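Participant: Below is the file structure00.pdb, which contains PDB, C-alpha atoms and all ligand atoms.
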MODEL        1
ATOM      1  CA  MET A   1     122.541 157.277 126.797
ATOM      2  CA  PHE A   2     120.131 159.652 125.186
ATOM      3  CA  ARG A   3     121.362 158.802 121.714
ATOM      4  CA  ARG A   4     120.828 155.119 122.315
ATOM      5  CA  HIS A   5     117.382 155.794 123.687
ATOM      6  CA  ALA A   6     116.497 157.940 120.668
ATOM      7  CA  ALA A   7     117.788 155.267 118.301
ATOM      8  CA  LEU A   8     115.596 152.641 119.942
ATOM      9  CA  ILE A   9     112.536 154.855 119.652
ATOM     10  CA  THR A  10     113.330 155.603 116.008
ATOM     11  CA  THR A  11     113.547 151.897 115.296
ATOM     12  CA  ALA A  12     110.209 151.321 116.991
ATOM     13  CA  LEU A  13     108.675 154.115 114.905
ATOM     14  CA  LEU A  14     110.075 152.721 111.683
ATOM     15  CA  VAL A  15     108.553 149.369 112.486
ATOM     16  CA  ALA A  16     105.260 151.074 113.287
ATOM     17  CA  VAL A  17     105.290 152.972 109.998
ATOM     18  CA  VAL A  18     106.231 149.974 107.890
ATOM     19  CA  VAL A  19     103.716 147.569 109.331
ATOM     20  CA  GLY A  20     100.894 150.093 109.751
ATOM     21  CA  PRO A  21      98.985 151.666 112.582
ATOM     22  CA  SER A  22      96.993 148.667 113.766
ATOM     23  CA  HIS A  23     100.178 146.806 114.555
ATOM     24  CA  ALA A  24     101.671 149.951 116.090
ATOM     25  CA  GLN A  25      98.715 150.153 118.440
ATOM     26  CA  ALA A  26      98.705 146.441 119.136
ATOM     27  CA  SER A  27     102.397 146.475 119.950
ATOM     28  CA  GLY A  28     101.798 149.401 122.276
ATOM     29  CA  THR A  29     103.819 152.123 120.648
ATOM     30  CA  VAL A  30     102.377 155.407 119.432
ATOM     31  CA  LEU A  31      99.333 156.953 117.776
ATOM     32  CA  LEU A  32     100.489 158.470 114.510
ATOM     33  CA  PRO A  33      99.003 161.533 112.815
ATOM     34  CA  ASP A  34      97.914 161.382 109.185
ATOM     35  CA  LEU A  35      98.075 164.611 107.207
ATOM     36  CA  ARG A  36      95.731 164.859 104.248
ATOM     37  CA  GLN A  37      96.162 167.578 101.656
ATOM     38  CA  ALA A  38      92.772 169.085 100.832
ATOM     39  CA  PRO A  39      91.984 169.906  97.187
ATOM     40  CA  VAL A  40      93.527 173.102  95.840
ATOM     41  CA  GLY A  41      91.347 176.117  96.710
ATOM     42  CA  CYS A  42      89.491 174.477  99.613
ATOM     43  CA  SER A  43      89.145 176.525 102.746
ATOM     44  CA  GLY A  44      88.187 174.710 105.911
ATOM     45  CA  GLY A  45      89.372 171.357 104.585
ATOM     46  CA  TYR A  46      87.672 168.972 102.219
ATOM     47  CA  SER A  47      83.947 168.363 102.554
ATOM     48  CA  GLY A  48      83.860 165.682  99.827
ATOM     49  CA  ASP A  49      82.673 168.027  97.091
ATOM     50  CA  PRO A  50      85.557 169.497  95.037
ATOM     51  CA  SER A  51      83.220 171.923  93.241
ATOM     52  CA  ARG A  52      83.120 173.869  96.510
ATOM     53  CA  CYS A  53      86.888 174.436  96.360
ATOM     54  CA  VAL A  54      86.694 177.791  94.646
ATOM     55  CA  ASP A  55      89.123 179.878  96.685
ATOM     56  CA  TRP A  56      91.614 180.646  93.949
ATOM     57  CA  ASP A  57      92.042 183.497  91.513
ATOM     58  CA  VAL A  58      94.382 185.297  89.148
ATOM     59  CA  CYS A  59      95.953 188.360  90.690
ATOM     60  CA  PRO A  60      97.977 190.836  88.615
ATOM     61  CA  VAL A  61     100.195 192.942  90.876
ATOM     62  CA  ALA A  62     102.215 196.075  90.251
ATOM     63  CA  ASP A  63     105.168 195.143  92.470
ATOM     64  CA  PRO A  64     106.663 191.683  91.895
ATOM     65  CA  ALA A  65     108.612 191.966  95.172
ATOM     66  CA  ALA A  66     105.560 192.358  97.442
ATOM     67  CA  PRO A  67     104.650 188.989  99.048
ATOM     68  CA  ASN A  68     101.012 190.030  99.279
ATOM     69  CA  GLY A  69     100.418 192.762  96.693
ATOM     70  CA  GLU A  70      97.031 194.231  95.907
ATOM     71  CA  CYS A  71      95.432 192.852  92.738
ATOM     72  CA  VAL A  72      95.310 195.612  90.113
ATOM     73  CA  GLN A  73      92.835 196.058  87.251
ATOM     74  CA  VAL A  74      94.562 199.008  85.590
ATOM     75  CA  GLY A  75      98.083 200.303  85.382
ATOM     76  CA  PRO A  76     101.371 198.492  84.889
ATOM     77  CA  ILE A  77     101.410 194.778  85.692
ATOM     78  CA  GLY A  78     104.721 193.656  87.173
ATOM     79  CA  ALA A  79     103.721 190.058  87.896
ATOM     80  CA  VAL A  80     100.752 187.718  87.508
ATOM     81  CA  ARG A  81      99.975 185.386  90.384
ATOM     82  CA  LEU A  82      97.753 182.368  90.649
ATOM     83  CA  ARG A  83      96.556 182.547  94.250
ATOM     84  CA  PHE A  84      94.875 179.669  96.088
ATOM     85  CA  THR A  85      93.879 178.560  99.557
ATOM     86  CA  THR A  86      95.612 175.469 100.933
ATOM     87  CA  SER A  87      94.403 173.263 103.784
ATOM     88  CA  ALA A  88      95.895 170.211 105.477
ATOM     89  CA  ASP A  89      93.725 167.957 107.674
ATOM     90  CA  ASN A  90      94.863 165.533 110.349
ATOM     91  CA  VAL A  91      92.810 162.363 109.840
ATOM     92  CA  GLY A  92      95.148 160.100 111.793
ATOM     93  CA  ASP A  93      95.125 158.206 115.080
ATOM     94  CA  GLY A  94      97.048 160.812 117.063
ATOM     95  CA  PRO A  95      97.834 164.524 117.042
ATOM     96  CA  LEU A  96     100.633 166.113 115.049
ATOM     97  CA  VAL A  97     102.878 167.766 117.639
ATOM     98  CA  ILE A  98     106.123 169.595 116.872
ATOM     99  CA  HIS A  99     108.257 171.181 119.578
ATOM    100  CA  GLY A 100     110.826 173.819 118.642
ATOM    101  CA  SER A 101     113.638 174.760 121.001
ATOM    102  CA  ARG A 102     116.933 176.635 121.182
ATOM    103  CA  ARG A 103     119.601 176.938 123.871
ATOM    104  CA  ASP A 104     119.553 180.727 124.072
ATOM    105  CA  VAL A 105     118.633 183.799 122.007
ATOM    106  CA  GLY A 106     122.081 183.703 120.378
ATOM    107  CA  GLN A 107     120.940 180.653 118.413
ATOM    108  CA  ARG A 108     118.860 182.157 115.611
ATOM    109  CA  GLU A 109     116.750 179.128 114.669
ATOM    110  CA  MET A 110     115.062 176.524 116.799
ATOM    111  CA  THR A 111     115.632 172.870 116.121
ATOM    112  CA  ALA A 112     112.510 170.699 116.077
ATOM    113  CA  ARG A 113     111.273 167.360 117.332
ATOM    114  CA  GLN A 114     108.043 165.527 116.679
ATOM    115  CA  ALA A 115     106.181 164.191 119.716
ATOM    116  CA  PHE A 116     103.824 161.219 119.620
ATOM    117  CA  GLN A 117     100.879 160.312 121.766
ATOM    118  CA  SER A 118     101.378 157.036 123.586
ATOM    119  CA  ALA A 119      99.031 154.249 122.573
ATOM    120  CA  VAL A 120      99.472 152.794 126.063
ATOM    121  CA  ASP A 121      98.470 155.595 128.414
ATOM    122  CA  GLY A 122      97.480 158.396 125.998
ATOM    123  CA  SER A 123     100.192 160.737 127.259
ATOM    124  CA  ILE A 124     101.600 163.389 124.921
ATOM    125  CA  PRO A 125     105.122 164.769 125.487
ATOM    126  CA  MET A 126     104.544 168.476 126.018
ATOM    127  CA  ASP A 127     108.101 169.746 125.760
ATOM    128  CA  TYR A 128     111.057 169.434 123.444
ATOM    129  CA  ALA A 129     113.152 167.417 125.888
ATOM    130  CA  ARG A 130     110.566 164.643 126.060
ATOM    131  CA  ALA A 131     109.546 164.688 122.369
ATOM    132  CA  GLN A 132     110.628 161.388 120.845
ATOM    133  CA  HIS A 133     111.726 162.134 117.311
ATOM    134  CA  PRO A 134     114.265 164.727 116.071
ATOM    135  CA  ILE A 135     113.249 166.075 112.656
ATOM    136  CA  PRO A 136     115.363 167.904 110.078
ATOM    137  CA  ALA A 137     113.015 170.943 110.087
ATOM    138  CA  THR A 138     113.711 174.230 111.839
ATOM    139  CA  MET A 139     111.684 177.173 113.118
ATOM    140  CA  TYR A 140     112.584 180.845 112.752
ATOM    141  CA  TYR A 141     111.019 184.108 113.897
ATOM    142  CA  GLU A 142     109.318 185.935 111.020
ATOM    143  CA  PRO A 143     109.317 189.652 111.864
ATOM    144  CA  ALA A 144     107.030 190.789 108.984
ATOM    145  CA  VAL A 145     104.058 192.692 110.442
ATOM    146  CA  THR A 146     101.413 190.202 109.327
ATOM    147  CA  HIS A 147     103.319 187.386 111.096
ATOM    148  CA  GLU A 148     105.577 188.332 114.025
ATOM    149  CA  HIS A 149     105.718 184.742 115.194
ATOM    150  CA  TRP A 150     107.679 181.538 114.795
ATOM    151  CA  HIS A 151     107.445 179.663 111.516
ATOM    152  CA  LEU A 152     108.017 176.019 110.783
ATOM    153  CA  LEU A 153     109.806 175.624 107.475
ATOM    154  CA  GLY A 154     108.619 173.570 104.515
ATOM    155  CA  PHE A 155     105.357 172.089 105.820
ATOM    156  CA  GLU A 156     103.574 172.424 102.466
ATOM    157  CA  HIS A 157     104.789 173.054  98.927
ATOM    158  CA  PHE A 158     103.038 174.249  95.777
ATOM    159  CA  GLN A 159     104.108 173.634  92.190
ATOM    160  CA  LEU A 160     102.932 174.252  88.651
ATOM    161  CA  ARG A 161     103.648 171.180  86.545
ATOM    162  CA  THR A 162     103.340 170.273  82.877
ATOM    163  CA  LEU A 163     101.340 167.313  81.559
ATOM    164  CA  SER A 164     104.485 165.199  81.750
ATOM    165  CA  GLY A 165     104.985 166.130  85.383
ATOM    166  CA  ASP A 166     107.868 168.588  84.986
ATOM    167  CA  THR A 167     107.821 171.443  87.466
ATOM    168  CA  VAL A 168     107.606 174.870  85.818
ATOM    169  CA  VAL A 169     107.086 177.077  88.887
ATOM    170  CA  THR A 170     107.617 176.411  92.586
ATOM    171  CA  ASP A 171     106.293 178.315  95.566
ATOM    172  CA  ARG A 172     108.260 180.912  97.441
ATOM    173  CA  LYS A 173     106.393 180.312 100.680
ATOM    174  CA  THR A 174     108.511 178.917 103.451
ATOM    175  CA  GLY A 175     106.932 179.443 106.853
ATOM    176  CA  PHE A 176     103.932 177.939 108.621
ATOM    177  CA  CYS A 177     102.295 178.392 112.008
ATOM    178  CA  LEU A 178     100.279 175.222 112.606
ATOM    179  CA  GLY A 179      97.200 175.038 114.788
ATOM    180  CA  ASP A 180      93.634 173.710 114.914
ATOM    181  CA  ARG A 181      92.050 176.231 112.523
ATOM    182  CA  TYR A 182      88.887 174.322 111.530
ATOM    183  CA  ALA A 183      87.115 171.038 112.183
ATOM    184  CA  VAL A 184      87.382 168.252 109.609
ATOM    185  CA  SER A 185      84.087 166.584 108.689
ATOM    186  CA  GLY A 186      83.635 162.826 109.034
ATOM    187  CA  HIS A 187      83.976 160.233 111.756
ATOM    188  CA  LEU A 188      87.393 160.109 113.391
ATOM    189  CA  PRO A 189      87.403 157.985 116.561
ATOM    190  CA  ASN A 190      90.379 159.765 118.134
ATOM    191  CA  ARG A 191      89.054 163.276 117.695
ATOM    192  CA  PRO A 192      89.674 165.032 121.053
ATOM    193  CA  THR A 193      86.781 166.138 123.181
ATOM    194  CA  ALA A 194      86.819 169.163 125.453
ATOM    195  CA  ASP A 195      88.045 167.413 128.564
ATOM    196  CA  ASP A 196      91.130 167.110 130.714
ATOM    197  CA  SER A 197      92.647 164.323 128.612
ATOM    198  CA  PRO A 198      96.129 164.952 127.141
ATOM    199  CA  GLN A 199      94.627 165.373 123.661
ATOM    200  CA  GLY A 200      91.878 167.647 125.057
ATOM    201  CA  ARG A 201      94.437 169.916 126.731
ATOM    202  CA  LEU A 202      96.590 169.947 123.601
ATOM    203  CA  ALA A 203      93.581 170.846 121.431
ATOM    204  CA  ALA A 204      92.703 173.770 123.749
ATOM    205  CA  LEU A 205      96.221 175.061 123.191
ATOM    206  CA  LEU A 206      96.307 174.470 119.422
ATOM    207  CA  ARG A 207      92.926 176.141 118.824
ATOM    208  CA  THR A 208      94.434 179.501 119.678
ATOM    209  CA  ASN A 209      98.028 178.700 118.763
ATOM    210  CA  ARG A 210      99.860 181.791 117.565
ATOM    211  CA  CYS A 211     103.340 180.260 117.536
ATOM    212  CA  GLY A 212     105.062 182.631 119.936
ATOM    213  CA  HIS A 213     103.345 185.805 118.710
ATOM    214  CA  HIS A 214     105.418 188.915 119.514
ATOM    215  CA  ALA A 215     107.947 186.695 121.278
ATOM    216  CA  PRO A 216     111.181 186.802 119.276
ATOM    217  CA  GLU A 217     112.964 186.027 122.552
ATOM    218  CA  ALA A 218     111.085 182.711 123.004
ATOM    219  CA  LEU A 219     113.238 179.652 123.640
ATOM    220  CA  SER A 220     110.512 177.137 122.822
ATOM    221  CA  VAL A 221     107.402 176.965 120.646
ATOM    222  CA  VAL A 222     104.843 174.246 119.987
ATOM    223  CA  GLN A 223     102.956 173.726 116.744
ATOM    224  CA  GLY A 224     100.579 171.013 115.661
ATOM    225  CA  ILE A 225      97.192 169.806 114.470
ATOM    226  CA  SER A 226      94.794 167.673 116.514
ATOM    227  CA  VAL A 227      92.998 164.670 115.061
ATOM    228  CA  GLY A 228      89.888 165.976 113.295
ATOM    229  CA  SER A 229      91.275 169.457 112.806
ATOM    230  CA  GLY A 230      93.043 171.177 109.965
ATOM    231  CA  ASP A 231      95.316 174.091 109.248
ATOM    232  CA  ASP A 232      94.531 176.417 106.351
ATOM    233  CA  TYR A 233      96.009 179.451 104.607
ATOM    234  CA  PRO A 234      93.616 181.710 102.679
ATOM    235  CA  HIS A 235      94.640 182.678  99.171
ATOM    236  CA  THR A 236      95.067 186.275 100.305
ATOM    237  CA  VAL A 237      97.941 185.413 102.683
ATOM    238  CA  ASP A 238     101.595 186.192 101.898
ATOM    239  CA  PHE A 239     103.133 183.868  99.292
ATOM    240  CA  GLN A 240      99.942 181.795  98.828
ATOM    241  CA  TRP A 241     100.554 181.843  95.093
ATOM    242  CA  LEU A 242     102.530 180.656  92.124
ATOM    243  CA  ASP A 243     104.052 183.251  89.803
ATOM    244  CA  ILE A 244     102.726 182.627  86.274
ATOM    245  CA  THR A 245     104.175 185.811  84.735
ATOM    246  CA  LYS A 246     106.487 183.883  82.408
ATOM    247  CA  VAL A 247     104.428 180.727  81.894
ATOM    248  CA  PRO A 248     103.432 180.002  78.253
ATOM    249  CA  SER A 249      99.802 179.320  77.323
ATOM    250  CA  GLY A 250      98.875 175.686  77.939
ATOM    251  CA  VAL A 251      97.458 173.113  80.322
ATOM    252  CA  TYR A 252      99.081 172.626  83.724
ATOM    253  CA  ASP A 253      98.594 171.006  87.105
ATOM    254  CA  VAL A 254      98.648 173.097  90.258
ATOM    255  CA  VAL A 255      99.981 170.638  92.852
ATOM    256  CA  ASN A 256      99.810 171.107  96.625
ATOM    257  CA  ILE A 257     101.867 168.736  98.774
ATOM    258  CA  VAL A 258     102.001 168.485 102.544
ATOM    259  CA  ASN A 259     105.054 166.930 104.214
ATOM    260  CA  GLY A 260     106.440 166.088 100.772
ATOM    261  CA  ASP A 261     109.869 165.096 102.062
ATOM    262  CA  ARG A 262     108.330 162.940 104.817
ATOM    263  CA  THR A 263     110.117 164.929 107.496
ATOM    264  CA  LEU A 264     107.140 164.280 109.766
ATOM    265  CA  VAL A 265     106.247 160.708 110.678
ATOM    266  CA  GLU A 266     102.713 159.825 109.588
ATOM    267  CA  LYS A 267     100.442 156.824 109.395
ATOM    268  CA  SER A 268     100.165 157.184 105.589
ATOM    269  CA  TYR A 269     101.814 159.267 102.879
ATOM    270  CA  ALA A 270      99.338 158.243 100.176
ATOM    271  CA  ASN A 271      97.037 161.219 100.801
ATOM    272  CA  ASN A 272      99.588 164.026 100.969
ATOM    273  CA  ALA A 273      98.998 165.625  97.567
ATOM    274  CA  SER A 274      96.104 167.231  95.724
ATOM    275  CA  ALA A 275      96.152 168.768  92.278
ATOM    276  CA  MET A 276      93.923 170.769  89.965
ATOM    277  CA  THR A 277      94.271 171.089  86.222
ATOM    278  CA  ILE A 278      94.049 174.574  84.731
ATOM    279  CA  SER A 279      94.460 176.064  81.291
ATOM    280  CA  ILE A 280      96.348 179.324  80.898
ATOM    281  CA  ARG A 281      95.607 181.406  77.803
ATOM    282  CA  TRP A 282      97.343 184.738  77.162
ATOM    283  CA  PRO A 283      95.387 187.507  75.367
ATOM    284  CA  GLY A 284      95.146 187.135  71.598
ATOM    285  CA  ASN A 285      95.826 183.389  71.903
ATOM    286  CA  ALA A 286      99.536 184.171  72.158
ATOM    287  CA  THR A 287     101.720 181.173  72.962
ATOM    288  CA  GLU A 288     104.166 183.154  75.051
ATOM    289  CA  PRO A 289     103.400 185.889  77.566
ATOM    290  CA  PRO A 290     103.988 189.373  76.160
ATOM    291  CA  ALA A 291     107.155 191.260  77.136
ATOM    292  CA  THR A 292     105.003 194.008  78.638
ATOM    293  CA  ILE A 293     101.874 192.694  80.285
ATOM    294  CA  THR A 294      98.806 194.898  80.086
ATOM    295  CA  MET A 295      96.205 192.160  80.602
ATOM    296  CA  PRO A 296      96.472 188.968  82.657
ATOM    297  CA  PRO A 297      95.988 185.575  80.984
ATOM    298  CA  GLN A 298      92.659 183.798  81.165
ATOM    299  CA  VAL A 299      92.909 180.915  83.625
ATOM    300  CA  ARG A 300      90.192 178.262  83.490
ATOM    301  CA  LEU A 301      89.670 175.310  85.807
ATOM    302  CA  VAL A 302      89.688 172.019  83.898
ATOM    303  CA  ARG A 303      89.147 169.773  86.922
ATOM    304  CA  ASN A 304      90.026 169.380  90.571
ATOM    305  CA  CYS A 305      91.641 166.106  91.674
ATOM    306  CA  PRO A 306      91.408 165.596  95.442
ATOM    307  CA  GLY A 307      94.118 163.280  96.720
ATOM    308  CA  ALA A 308      95.980 163.022  93.415
ATOM    309  CA  GLU A 309      99.444 164.337  92.631
ATOM    310  CA  GLN A 310      98.753 164.221  88.888
ATOM    311  CA  CYS A 311      95.468 165.525  87.539
ATOM    312  CA  ALA A 312      95.973 166.485  83.874
ATOM    313  CA  THR A 313      95.783 163.866  81.139
ATOM    314  CA  LEU A 314      96.978 163.910  77.516
ATOM    315  CA  ARG A 315      93.423 164.620  76.381
ATOM    316  CA  ASP A 316      93.379 167.990  78.175
TER     317      ASP A 316
HETATM  318 CA    CA B 401      99.183 161.530 105.146
HETATM  319 ZN    ZN B 402     103.128 183.449 109.836
ENDMDL
END
Kindly present the structure from the file in structure tokens form.
Facilitator:
Amino acid sequence: MFRRHAALITTALLVAVVVGPSHAQASGTVLLPDLRQAPVGCSGGYSGDPSRCVDWDVCPVADPAAPNGECVQVGPIGAVRLRFTTSADNVGDGPLVIHGSRRDVGQREMTARQAFQSAVDGSIPMDYARAQHPIPATMYYEPAVTHEHWHLLGFEHFQLRTLSGDTVVTDRKTGFCLGDRYAVSGHLPNRPTADDSPQGRLAALLRTNRCGHHAPEALSVVQGISVGSGDDYPHTVDFQWLDITKVPSGVYDVVNIVNGDRTLVEKSYANNASAMTISIRWPGNATEPPATITMPPQVRLVRNCPGAEQCATLRD
């Protein structure tokens, strides 16, 4: 019974996604979120001016194993990291809502479902059982002291790519705790107001969402982003970097992608990537990084490309 019900809903969603949100609303289905990847290095989302997206740096660290090592100026350099802030905005018609759940504490990870706001009565399923759409993402409890909460896996990914689009380095970050961390600028008709509406109550919860902080015994967790809000990770946070220790001198794209595998159902996937082109130059104009690094490479911004998955051109 449930399976059949779920299949029907999935079909309705597929139709909604294929034919677009206006039809979805007209046919009385759901209000879909729309995640937008802000330009690389933008904290607090994208204001429309990429020159303000300056939250990135080069950080030489002593210990390559530390997820959040201190940047060192002197002494042995074990790894060189390109750190950057990432932000994802919800500019859609409805909130992004993900419910995690597990049967009991013996089940290590929670399975996850996406919930959608009804376009008919505005209701939002506020538990896993009523969430409409099973997703192939899981949540796990991250015990590291700077986290101690439940993480959703694979929400965003970062890559360093060559001019021809080949990936040279991928991120090591895995976990995310989504909430309403900042307000997105611009007019969004379905932005929640502070009232007793379903989206208003959800926003009150997401504003302070800590994803089951200090609750490894939790059986359910909710994560999400309201319309008109965004979720960001400062460049100083664990794993907010790409390791460029072994990357030859040259021109590359730093690419940030949200929901790259389309695990989450959205109104549009055309705005899920942003890239910036950088040049990496090792000391002495060396092509390859030295075997023993005593000085980090010089990294220069060539340009920032909001909304584009490819930024570098052959002329760079
Ligand atoms: Ca999107
Ligand atoms: Zn965390």
Participant: Taking the file above as input, evaluate the PyMOL selection byres (((chain A and resi 47) around 12) and not hetatm) and report the hits as a count of residues only.
Facilitator: 21
Participant: Please list as a PDB file with C-alpha atoms, keeping the file's coordinate frame every residue within 10 Å of region 101-116 of chain A, counting all atoms listed in the file and excluding residues in the same chain fewer than 6 positions away.
Facilitator:
ATOM      1  CA  LEU A  13     108.675 154.115 114.905  1.00  0.00           C
ATOM      2  CA  THR A  29     103.819 152.123 120.648  1.00  0.00           C
ATOM      3  CA  VAL A  30     102.377 155.407 119.432  1.00  0.00           C
ATOM      4  CA  LEU A  31      99.333 156.953 117.776  1.00  0.00           C
ATOM      5  CA  LEU A  32     100.489 158.470 114.510  1.00  0.00           C
ATOM      6  CA  PRO A  33      99.003 161.533 112.815  1.00  0.00           C
ATOM      7  CA  GLY A  94      97.048 160.812 117.063  1.00  0.00           C
ATOM      8  CA  PRO A  95      97.834 164.524 117.042  1.00  0.00           C
ATOM      9  CA  GLY A 122      97.480 158.396 125.998  1.00  0.00           C
ATOM     10  CA  SER A 123     100.192 160.737 127.259  1.00  0.00           C
ATOM     11  CA  ILE A 124     101.600 163.389 124.921  1.00  0.00           C
ATOM     12  CA  PRO A 125     105.122 164.769 125.487  1.00  0.00           C
ATOM     13  CA  MET A 126     104.544 168.476 126.018  1.00  0.00           C
ATOM     14  CA  ASP A 127     108.101 169.746 125.760  1.00  0.00           C
ATOM     15  CA  TYR A 128     111.057 169.434 123.444  1.00  0.00           C
ATOM     16  CA  ALA A 129     113.152 167.417 125.888  1.00  0.00           C
ATOM     17  CA  ARG A 130     110.566 164.643 126.060  1.00  0.00           C
ATOM     18  CA  ALA A 131     109.546 164.688 122.369  1.00  0.00           C
ATOM     19  CA  GLN A 132     110.628 161.388 120.845  1.00  0.00           C
ATOM     20  CA  HIS A 133     111.726 162.134 117.311  1.00  0.00           C
ATOM     21  CA  PRO A 134     114.265 164.727 116.071  1.00  0.00           C
ATOM     22  CA  ILE A 135     113.249 166.075 112.656  1.00  0.00           C
ATOM     23  CA  PRO A 136     115.363 167.904 110.078  1.00  0.00           C
ATOM     24  CA  ALA A 137     113.015 170.943 110.087  1.00  0.00           C
ATOM     25  CA  THR A 138     113.711 174.230 111.839  1.00  0.00           C
ATOM     26  CA  MET A 139     111.684 177.173 113.118  1.00  0.00           C
ATOM     27  CA  TYR A 140     112.584 180.845 112.752  1.00  0.00           C
ATOM     28  CA  TYR A 141     111.019 184.108 113.897  1.00  0.00           C
ATOM     29  CA  TRP A 150     107.679 181.538 114.795  1.00  0.00           C
ATOM     30  CA  HIS A 151     107.445 179.663 111.516  1.00  0.00           C
ATOM     31  CA  LEU A 152     108.017 176.019 110.783  1.00  0.00           C
ATOM     32  CA  PRO A 216     111.181 186.802 119.276  1.00  0.00           C
ATOM     33  CA  GLU A 217     112.964 186.027 122.552  1.00  0.00           C
ATOM     34  CA  ALA A 218     111.085 182.711 123.004  1.00  0.00           C
ATOM     35  CA  LEU A 219     113.238 179.652 123.640  1.00  0.00           C
ATOM     36  CA  SER A 220     110.512 177.137 122.822  1.00  0.00           C
ATOM     37  CA  VAL A 221     107.402 176.965 120.646  1.00  0.00           C
ATOM     38  CA  VAL A 222     104.843 174.246 119.987  1.00  0.00           C
ATOM     39  CA  GLN A 223     102.956 173.726 116.744  1.00  0.00           C
ATOM     40  CA  GLY A 224     100.579 171.013 115.661  1.00  0.00           C
ATOM     41  CA  THR A 263     110.117 164.929 107.496  1.00  0.00           C
ATOM     42  CA  LEU A 264     107.140 164.280 109.766  1.00  0.00           C
ATOM     43  CA  VAL A 265     106.247 160.708 110.678  1.00  0.00           C
TER      44      VAL A 265
END
Participant: Determine the residue set returned by the PyMOL selection byres (((chain A and resi 235-246) around 6) and not hetatm) for the present structure, and present it as number ranges by chain.
Facilitator: A: 67-68, 79-85, 171, 173, 234, 247
Participant: I need the residues from that last selection saved to file as a short mmCIF file (atom, residue, chain, number, x, y, z; two decimals), in the frame of the given file (with C-alpha atoms), if you can.
Facilitator:
data_model
loop_
_atom_site.label_atom_id
_atom_site.label_comp_id
_atom_site.auth_asym_id
_atom_site.auth_seq_id
_atom_site.Cartn_x
_atom_site.Cartn_y
_atom_site.Cartn_z
CA PRO A 67 104.65 188.99 99.05
CA ASN A 68 101.01 190.03 99.28
CA ALA A 79 103.72 190.06 87.90
CA VAL A 80 100.75 187.72 87.51
CA ARG A 81 99.98 185.39 90.38
CA LEU A 82 97.75 182.37 90.65
CA ARG A 83 96.56 182.55 94.25
CA PHE A 84 94.88 179.67 96.09
CA THR A 85 93.88 178.56 99.56
CA ASP A 171 106.29 178.32 95.57
CA LYS A 173 106.39 180.31 100.68
CA PRO A 234 93.62 181.71 102.68
CA VAL A 247 104.43 180.73 81.89
#
Participant: Using all atoms listed in the file, give me every residue within 10 Å of (109.6, 187.0, 111.9) in file coordinates, as a list in words.
Facilitator: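 Applying the cut-off with all atoms listed in the file, one gets Tyr140, Tyr141, Glu142, Pro143, Ala144, Val145, Thr146, His147, Glu148, His149, Trp150, His151, Gly175, His213, His214, Ala215 and Pro216 of chain A.
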Participant: Taking (100.8, 166.1, 103.2) in the coordinates of the supplied file, I want to know which residues reach to within 10 Å of it, counting all atoms listed in the file; could you give the answer as a PDB file with C-alpha atoms, keeping the file's coordinate frame?
Facilitator:
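Resulting contents of result.pdb:
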ATOM      1  CA  ASP A  34      97.914 161.382 109.185  1.00  0.00           C
ATOM      2  CA  LEU A  35      98.075 164.611 107.207  1.00  0.00           C
ATOM      3  CA  ARG A  36      95.731 164.859 104.248  1.00  0.00           C
ATOM      4  CA  GLN A  37      96.162 167.578 101.656  1.00  0.00           C
ATOM      5  CA  ALA A  38      92.772 169.085 100.832  1.00  0.00           C
ATOM      6  CA  SER A  87      94.403 173.263 103.784  1.00  0.00           C
ATOM      7  CA  ALA A  88      95.895 170.211 105.477  1.00  0.00           C
ATOM      8  CA  ASP A  89      93.725 167.957 107.674  1.00  0.00           C
ATOM      9  CA  ASN A  90      94.863 165.533 110.349  1.00  0.00           C
ATOM     10  CA  PHE A 155     105.357 172.089 105.820  1.00  0.00           C
ATOM     11  CA  GLU A 156     103.574 172.424 102.466  1.00  0.00           C
ATOM     12  CA  HIS A 157     104.789 173.054  98.927  1.00  0.00           C
ATOM     13  CA  ASN A 256      99.810 171.107  96.625  1.00  0.00           C
ATOM     14  CA  ILE A 257     101.867 168.736  98.774  1.00  0.00           C
ATOM     15  CA  VAL A 258     102.001 168.485 102.544  1.00  0.00           C
ATOM     16  CA  ASN A 259     105.054 166.930 104.214  1.00  0.00           C
ATOM     17  CA  GLY A 260     106.440 166.088 100.772  1.00  0.00           C
ATOM     18  CA  ASP A 261     109.869 165.096 102.062  1.00  0.00           C
ATOM     19  CA  ARG A 262     108.330 162.940 104.817  1.00  0.00           C
ATOM     20  CA  LEU A 264     107.140 164.280 109.766  1.00  0.00           C
ATOM     21  CA  GLU A 266     102.713 159.825 109.588  1.00  0.00           C
ATOM     22  CA  SER A 268     100.165 157.184 105.589  1.00  0.00           C
ATOM     23  CA  TYR A 269     101.814 159.267 102.879  1.00  0.00           C
ATOM     24  CA  ALA A 270      99.338 158.243 100.176  1.00  0.00           C
ATOM     25  CA  ASN A 271      97.037 161.219 100.801  1.00  0.00           C
ATOM     26  CA  ASN A 272      99.588 164.026 100.969  1.00  0.00           C
ATOM     27  CA  ALA A 273      98.998 165.625  97.567  1.00  0.00           C
ATOM     28  CA  SER A 274      96.104 167.231  95.724  1.00  0.00           C
ATOM     29  CA  GLY A 307      94.118 163.280  96.720  1.00  0.00           C
TER      30      GLY A 307
END
Participant: Have a look at A:Ser226, A:Asn304, A:Gln117, A:Thr174 and name the one nearest to Leu202 (chain A); count all atoms listed in the file.
Facilitator: A:Ser226
Participant: Between CA of Val91 (chain A) and CA of Gly179 (chain A), what is the distance in Å, rounded to a tenth?
Facilitator: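 Computed distance, CA of Val91 (chain A) to CA of Gly179 (chain A), equals 14.3 Å.
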Participant: Closest to Thr193 (chain A) among A:Asn285, A:Ser229, A:Ser249, A:Gln310, using all atoms listed in the file?
Facilitator: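 Nearest to Thr193 (chain A): A:Ser229.
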